[in-house]
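What follows is a single structure, written as C-alpha cells, with notes after it.
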Amino acid sequence: MIVRQLFDPDTSTYTYIVADPATREAAIIDSVKSQVERDIQVMEEMGVKPRYALETHVHADHVTGAGELRERLGVKVGVHKDGGAECADLQLDDGDEIRLGDSVIRVLHTPGHTNGDVSYLIDGAVFTGDALLIRGCGRTDFQQGDAGRLYDSITGKLFTLPDETLVYPGHDYRGLTVSTIGEEKRFNPRLGNGRDKESFVALMNALDLDPPRYIDVAVPGNLRCGM
C-alpha cells in the first residue's frame, strides 16, 4: 500500500492518502477543509484515483474536507454509524472492509474518545485517529467520551495487533510521525506496561483540559460532512 502523510499546522492534524500500488485507487483519511486544494494537488501529482474520503470520527478540532471532496471528485464519504453524520455515504461498522483494487481497508470500531471512533487497518499499518496517539491517547471528556471504553478499545483491539504494526495517529503535537504497536505497549505513559483499567480511568478523569479551539464550529460542521 502507498501511504502519504500530510500535516495541518493550525490543528496539528495528520491527513493520510492511501492507495493500491497496482490500480492506484485511493482513499483519503481525515481530510481538513482548509487543506482540500493541497490534497487534491497531491493526489493529482501522485497519479492516484480517489474513491473514498474516510473519517476516523466526528472531529471536534477541525472541519473535515470530506463533503467538498465528494462534490469535486465524486468520492464516497465514510463515517462510523454511531457518529451521527447522516450525510455520509458509508455508515461504517466494525469488521467492514473497503476495497482499493487488490488492497483491503479493514474497519475496527475503537470507541472511547467518541462513541463513533474507528481505526483503519491496512497492510501492516493502523490509522488510529484520536483513539491511540504516539505516547498518548485521545481525551474522553466530551462527545460521548468514555475512558473505560477507550481502554478496552486500545488494549482489546489495537494492542492485540502484531507488535510491528505501524501506528499512524490522527494528531501529534511534538513532531512525531509514526510509531508501532510494540512501542506503544511498552512506552505509552497512559497505557503502556500493563496499566490497569481502573488507574487509566482515574488518570483520564483527572485531566483538566481546555476545550478544543474550534469545537463549536467543527462538531456541527462535521455532522454535515463539513458542508
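Chains: A, B, ... in order of the C-alpha cells. Residues: from 1 per chain. Ligands: from 1, in order shown.
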Excluding Phe200 (chain A) and residues on its chain fewer than 5 positions from it, collect all residues at most 8 Å away from it, counting only C-alpha atoms, and give them as a PDB file with C-alpha atoms, in the first residue's frame.
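The resulting file, out-v4.pdb, is reproduced below:
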```pdb
ATOM      1  CA  ALA A 147     -12.384   6.323  29.430  1.00  0.00           C
ATOM      2  CA  GLY A 148     -13.334   2.733  30.175  1.00  0.00           C
ATOM      3  CA  TYR A 151      -9.134   1.443  27.497  1.00  0.00           C
ATOM      4  CA  ARG A 190      -1.091   6.367  29.746  1.00  0.00           C
ATOM      5  CA  LEU A 191      -1.486   2.752  28.681  1.00  0.00           C
ATOM      6  CA  ARG A 195      -1.525  -0.193  33.243  1.00  0.00           C
TER       7      ARG A 195
END
```
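Shell of region 39-56 of chain A at 7 Å, with only C-alpha atoms counted and residues fewer than 2 places along the chain excluded, is Ala19, Arg24, Glu25, Ala26, Ala27, Ile28, Ile29, Asp30, Gln35, Val36, Glu37, Ala66, Val75, Lys76, Val77, Gly78, Val79, Asp117, Val118, Ser119 and Gly129 of chain A.
Among A:Val58, A:Cys137, A:Leu209, A:Ala85, the residue with the shortest atom-to-atom distance to Ser153 (chain A), counting only C-alpha atoms, is A:Cys137.
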- Could you find all residues in chain A that DSSP calls helix (DSSP H, G or I) from the backbone, and write them as a PyMOL selection string? chain A and resi 33-46+66-73+81-83+147-156+158-160+181-187+197-205+215-222
- Task: Would you please give, as a ChimeraX atom specification, all residues of chain A that DSSP assigns to strand (DSSP E) based on the backbone?
- Result: /A:2-8,13-19,25-29,49-54,76-80,90-92,97-100,103-109,118-122,125-129,132-133,136-137,166-169,179-180
- Message: Just want the 12 Å neighbourhood of region 210-227 of chain A, counted on only C-alpha atoms, with same-chain residues fewer than 5 positions away dropped. Output as a PyMOL selection string.
- Response: chain A and resi 10-12+30-34+36+53-71+76-90+114+116+139-143
Keeping only N, CA and C atoms, take the residues you just selected and write them out as a short mmCIF file (atom, residue, chain, number, x, y, z; two decimals), in the first residue's frame.
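The result, stored in result-v8.cif:
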```cif
data_model
loop_
_atom_site.label_atom_id
_atom_site.label_comp_id
_atom_site.auth_asym_id
_atom_site.auth_seq_id
_atom_site.Cartn_x
_atom_site.Cartn_y
_atom_site.Cartn_z
N ASP A 10 -2.21 24.28 11.69
CA ASP A 10 -3.15 25.02 12.53
C ASP A 10 -3.79 24.13 13.59
N THR A 11 -4.09 22.89 13.24
CA THR A 11 -4.78 21.99 14.17
C THR A 11 -3.95 20.75 14.52
N SER A 12 -2.71 20.68 14.05
CA SER A 12 -1.83 19.53 14.28
C SER A 12 -2.49 18.22 13.84
N ASP A 30 -9.22 11.45 7.11
CA ASP A 30 -9.20 12.65 7.97
C ASP A 30 -8.71 13.89 7.24
N SER A 31 -9.41 14.23 6.19
CA SER A 31 -9.08 15.46 5.47
C SER A 31 -9.46 16.68 6.30
N VAL A 32 -8.83 17.81 5.99
CA VAL A 32 -9.08 19.09 6.64
C VAL A 32 -9.57 20.06 5.57
N LYS A 33 -10.70 20.71 5.84
CA LYS A 33 -11.34 21.53 4.81
C LYS A 33 -10.40 22.61 4.26
N SER A 34 -9.62 23.23 5.12
CA SER A 34 -8.73 24.30 4.66
C SER A 34 -7.57 23.78 3.82
N VAL A 36 -8.02 21.27 1.39
CA VAL A 36 -8.55 20.48 0.28
C VAL A 36 -7.78 20.73 -1.01
N ALA A 53 -13.40 9.21 0.95
CA ALA A 53 -12.94 10.14 1.99
C ALA A 53 -13.43 9.56 3.31
N LEU A 54 -12.52 9.03 4.10
CA LEU A 54 -12.85 8.30 5.32
C LEU A 54 -12.51 9.13 6.54
N GLU A 55 -13.39 9.06 7.53
CA GLU A 55 -13.18 9.77 8.79
C GLU A 55 -12.95 8.76 9.91
N THR A 56 -12.00 9.06 10.80
CA THR A 56 -11.83 8.20 11.97
C THR A 56 -12.88 8.48 13.03
N HIS A 57 -13.50 9.68 12.98
CA HIS A 57 -14.58 10.03 13.90
C HIS A 57 -15.10 11.41 13.52
N VAL A 58 -16.14 11.86 14.19
CA VAL A 58 -16.63 13.23 14.02
C VAL A 58 -15.73 14.13 14.85
N HIS A 59 -14.90 14.89 14.20
CA HIS A 59 -13.84 15.64 14.86
C HIS A 59 -14.38 16.88 15.57
N ALA A 60 -13.68 17.26 16.64
CA ALA A 60 -14.01 18.49 17.37
C ALA A 60 -12.97 19.58 17.18
N ASP A 61 -11.87 19.26 16.50
CA ASP A 61 -10.77 20.23 16.41
C ASP A 61 -10.55 20.80 15.03
N HIS A 62 -11.22 20.26 14.01
CA HIS A 62 -11.12 20.82 12.67
C HIS A 62 -12.35 20.42 11.88
N VAL A 63 -12.62 21.18 10.83
CA VAL A 63 -13.73 20.86 9.93
C VAL A 63 -13.20 19.97 8.81
N THR A 64 -13.88 18.88 8.56
CA THR A 64 -13.45 17.95 7.53
C THR A 64 -13.65 18.51 6.13
N GLY A 65 -12.82 18.06 5.22
CA GLY A 65 -12.98 18.39 3.81
C GLY A 65 -13.72 17.33 3.03
N ALA A 66 -14.28 16.32 3.72
CA ALA A 66 -14.86 15.17 3.04
C ALA A 66 -16.00 15.57 2.10
N GLY A 67 -16.89 16.43 2.58
CA GLY A 67 -18.02 16.82 1.74
C GLY A 67 -17.60 17.56 0.49
N GLU A 68 -16.62 18.44 0.62
CA GLU A 68 -16.12 19.16 -0.55
C GLU A 68 -15.42 18.21 -1.52
N LEU A 69 -14.67 17.26 -0.99
CA LEU A 69 -14.02 16.26 -1.85
C LEU A 69 -15.06 15.43 -2.59
N ARG A 70 -16.17 15.13 -1.93
CA ARG A 70 -17.24 14.38 -2.61
C ARG A 70 -17.82 15.20 -3.76
N GLU A 71 -18.06 16.49 -3.52
CA GLU A 71 -18.61 17.34 -4.57
C GLU A 71 -17.66 17.47 -5.75
N LYS A 76 -16.83 8.68 -2.16
CA LYS A 76 -17.82 8.32 -1.15
C LYS A 76 -17.26 8.63 0.23
N VAL A 77 -18.09 9.22 1.09
CA VAL A 77 -17.69 9.59 2.44
C VAL A 77 -18.06 8.47 3.40
N GLY A 78 -17.10 8.08 4.26
CA GLY A 78 -17.33 7.02 5.23
C GLY A 78 -17.11 7.50 6.65
N VAL A 79 -18.11 7.28 7.53
CA VAL A 79 -18.05 7.62 8.95
C VAL A 79 -18.72 6.47 9.71
N HIS A 80 -18.28 6.19 10.93
CA HIS A 80 -18.93 5.12 11.69
C HIS A 80 -20.38 5.46 11.95
N LYS A 81 -21.23 4.45 11.96
CA LYS A 81 -22.67 4.64 12.07
C LYS A 81 -23.09 5.27 13.39
N ASP A 82 -22.27 5.18 14.43
CA ASP A 82 -22.61 5.79 15.71
C ASP A 82 -22.18 7.25 15.80
N GLY A 83 -21.52 7.75 14.77
CA GLY A 83 -21.02 9.12 14.82
C GLY A 83 -22.11 10.18 14.65
N GLY A 84 -23.23 9.80 14.05
CA GLY A 84 -24.33 10.74 13.87
C GLY A 84 -24.26 11.57 12.61
N ALA A 85 -23.30 11.28 11.72
CA ALA A 85 -23.15 12.04 10.48
C ALA A 85 -23.98 11.36 9.38
N GLU A 86 -25.26 11.71 9.33
CA GLU A 86 -26.16 11.08 8.38
C GLU A 86 -25.81 11.44 6.94
N CYS A 87 -24.98 12.45 6.75
CA CYS A 87 -24.55 12.86 5.42
C CYS A 87 -23.64 11.83 4.75
N ALA A 88 -23.05 10.93 5.52
CA ALA A 88 -22.05 10.00 4.97
C ALA A 88 -22.70 8.97 4.06
N ASP A 89 -22.00 8.62 2.99
CA ASP A 89 -22.47 7.57 2.08
C ASP A 89 -22.33 6.20 2.70
N LEU A 90 -21.26 6.01 3.47
CA LEU A 90 -20.97 4.72 4.10
C LEU A 90 -21.10 4.89 5.61
N THR A 114 -14.67 9.25 21.22
CA THR A 114 -16.08 9.46 20.96
C THR A 114 -16.70 8.07 20.79
N GLY A 116 -18.12 7.03 18.15
CA GLY A 116 -18.05 6.60 16.76
C GLY A 116 -16.63 6.53 16.21
N ARG A 139 -8.59 12.36 24.40
CA ARG A 139 -9.28 12.75 25.62
C ARG A 139 -10.69 12.13 25.61
N THR A 140 -11.32 12.10 26.79
CA THR A 140 -12.60 11.40 26.92
C THR A 140 -13.64 12.23 27.66
N ASP A 141 -13.49 13.55 27.61
CA ASP A 141 -14.33 14.40 28.45
C ASP A 141 -15.44 15.13 27.70
N PHE A 142 -15.71 14.75 26.44
CA PHE A 142 -16.85 15.32 25.72
C PHE A 142 -17.21 14.38 24.57
N GLN A 143 -18.30 14.69 23.85
CA GLN A 143 -18.72 13.91 22.69
C GLN A 143 -18.85 12.42 23.00
#
```
- Query: Neighbours of Leu176 (chain A) within 10 Å (only C-alpha atoms; same-chain residues fewer than 4 positions away dropped), as a PyMOL selection string?
  - Reply: chain A and resi 133-135+168-169+171-172
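Going from CA of Leu108 (chain A) over to CA of Ala206 (chain A), you cover 27.7 Å.
Taking CA of Arg99 (chain A) and CA of Ile122 (chain A) as the two end points, the separation is 10.3 Å.
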- Selected residue, from A:Pro111, A:Gly124, A:Gly74, A:Gly136, that lies nearest to Glu184 (chain A) when counting only C-alpha atoms: A:Gly136
- Note on the structure: Restricting to only C-alpha atoms, whichever of A:Val3, A:Leu207, A:Ala22, A:Leu158 is closest to Val107 (chain A) is A:Leu158
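Checking A:Ile181, A:Tyr120, A:Leu161, A:Leu73 one by one against Asp93 (chain A), counting only C-alpha atoms, you find the shortest gap at A:Tyr120.
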